[in-house]
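Report on the structure given below.
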Amino acid sequence: MKGLKIGDLSVAVPVIQGGMGVGISLSGLASAVANEGGIGVISSAGLGLLYRNLSENYLEASILGLKEEIRKAKEKTRGIIGINVMVAMTNFADMIRTSIAEKVDLIIAGAGLPLDLPSFLKKENKTKLVPIVSSARAAKIICEKWKSGYDYLPDAVIVEGPKAGGHLGFKEDQITDDNYSLEKLVPEIIDELKLFEDKYDTKIPLIAAGGIYTGKDIYEIMELGAAGVQMATRFVTTEECDASDAFKQSYIDAAEGDIEIIKSPVGMPGRAILSNFITKVKEGRKQPKYCPFKCIKTCEISRSPYCIIIALINALKGNFENGYAFAGTNAFRATKISSVKEIFQSLIKEYKESKQKQV
């Protein structure tokens, strides 16, 4: 399997573990992935709740919690560690500044266009910046804005297709439309990025995400030109994943029909595993009285059927009466708990087998 280069970062196995909030991918999972030669990613979402013991102030606890998770990860690995930060988070700037100050290897930013992301970097910073997009148009807008405003181009770009878990950058009718499939998006975005690569004599590798589950999937999408992949769902059912055993079991127990598109309070469609909580929301039986954390810019409490961060914290703990698990389309394929090492061995074996079949 060909390695991945992101600037001066050399990734032995071209696999980025996707950031999963709230609390699903922290230092435990991220460091395990980094130790296998991939890029491990800590999700910054909801850390203010997970680290309430450090401060009663949500924003302050988020900063302290992120520092703690980065410290823990660095203790466990010398591999590559990234931070996933959602543009839609009200503490986006805090999480970016903290990540750079703590010298993480890269920042992955999605759930909105991170148009001002390079403004946080100083000349001496080595942190790489990787935006998530869902179209060639979005990739073009980011490249043009970053170059004209900051004389900076993305160190890599991640395209997240409609089969991903969690919040999706697509309208509901686009999710099942083949015109928006990952296989169609990858060549389109590569063509767009090549214009900037040629003009400015640089490399902008494209990482494909959303529905990538096996080594065969990795081989096929890299044959279309992707330089690597981002995978999240596959790593949930690992020993090292930071979620509770009950959360992991929800993936193993899920049937294909249990994974569905939901309407999230943040104003984007999301993919999750059906739970009693989701059923109650559909019946109109949930309504928050106030917003306790103001964690997402686009969440309007007067129209929200529930507080998403509390629902996700409940799911993290395995409480599906009051929460739900985000998941990609392939979550139902999980049958057991494995180690991260076993997952990597399986991916590499499947990739090699697929490659040999084409020779």
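Ordered as shown in the structure tokens, chains take letters A, B, and onward, while each chain numbers its residues from 1 and ligands are numbered from 1 in the order shown.
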
Query raised in the report: Got a sec: who's within 9 Å of segment 316-323 of chain A, counting only C-alpha atoms, leaving out chain neighbours fewer than 2 positions off, as a PyMOL selection string?
Result: chain A and resi 21-24+242-250+275-278+280+308+310-314+325

Requested in this report: Give me every strand (DSSP E or B) residue in segment 12-232 of chain A, going by DSSP on the backbone, as an MDAnalysis selection string.
Outcome: chainID A and resid 15:17 39:43 80:86 89 106:110 128:133 157:160 166:167 206:209 228:231

Query raised in the report: Tyr58 of chain A: which residues within 9 Å, counting only C-alpha atoms, same-chain residues fewer than 2 positions away excluded, as a PyMOL selection string?
Result: chain A and resi 46-49+51-52+55-56+60-63+293+295

Residues within 9 Å of Arg234 of chain A, please, as a PDB file with C-alpha atoms, in the first residue's frame. Count only C-alpha atoms; anything in the same chain fewer than 5 positions from it doesn't count.
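Written file, result05.pdb:
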ATOM      1  CA  GLN A  17      -8.986   7.772  11.354  1.00  0.00           C
ATOM      2  CA  ILE A 212     -14.786   3.290   3.035  1.00  0.00           C
ATOM      3  CA  TYR A 213     -14.768   0.086   5.088  1.00  0.00           C
ATOM      4  CA  THR A 214     -12.403  -2.532   3.600  1.00  0.00           C
ATOM      5  CA  GLY A 328     -21.704   5.394   8.529  1.00  0.00           C
ATOM      6  CA  ASN A 330     -21.483   0.199   6.806  1.00  0.00           C
ATOM      7  CA  ALA A 331     -21.835   0.138  10.591  1.00  0.00           C
ATOM      8  CA  ARG A 333     -21.115  -4.925   8.964  1.00  0.00           C
ATOM      9  CA  ALA A 334     -19.378  -4.932  12.358  1.00  0.00           C
ATOM     10  CA  ILE A 343      -8.020  -3.767  11.628  1.00  0.00           C
TER      11      ILE A 343
END

With the cut-off set at 6 Å and counting only C-alpha atoms, tabulate each residue of segment 206-320 of chain A with an atom at most that distance from an atom of segment 348-354 of chain A, showing the nearest atom pair and its distance in Å to one decimal, ordered by chain and increasing number, as a tab-separated table.
residue	atom	partner	partner_atom	distance
A:Gly215	CA	A:Tyr351	CA	4.2
A:Lys216	CA	A:Tyr351	CA	5.1
A:Tyr219	CA	A:Tyr351	CA	5.6

Query raised in the report: Pick the closest to Leu195 of chain A from A:Leu182, A:Val266, A:Leu113, A:Ala139: which is it, counting only C-alpha atoms?
Result: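 Nearest to Leu195 of chain A: A:Ala139.
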
Query raised in the report: Between A:Lys357, A:Lys336, A:Lys145, A:Arg285, which has the minimum distance to Val236 of chain A (counting only C-alpha atoms)?
Result: A:Lys336
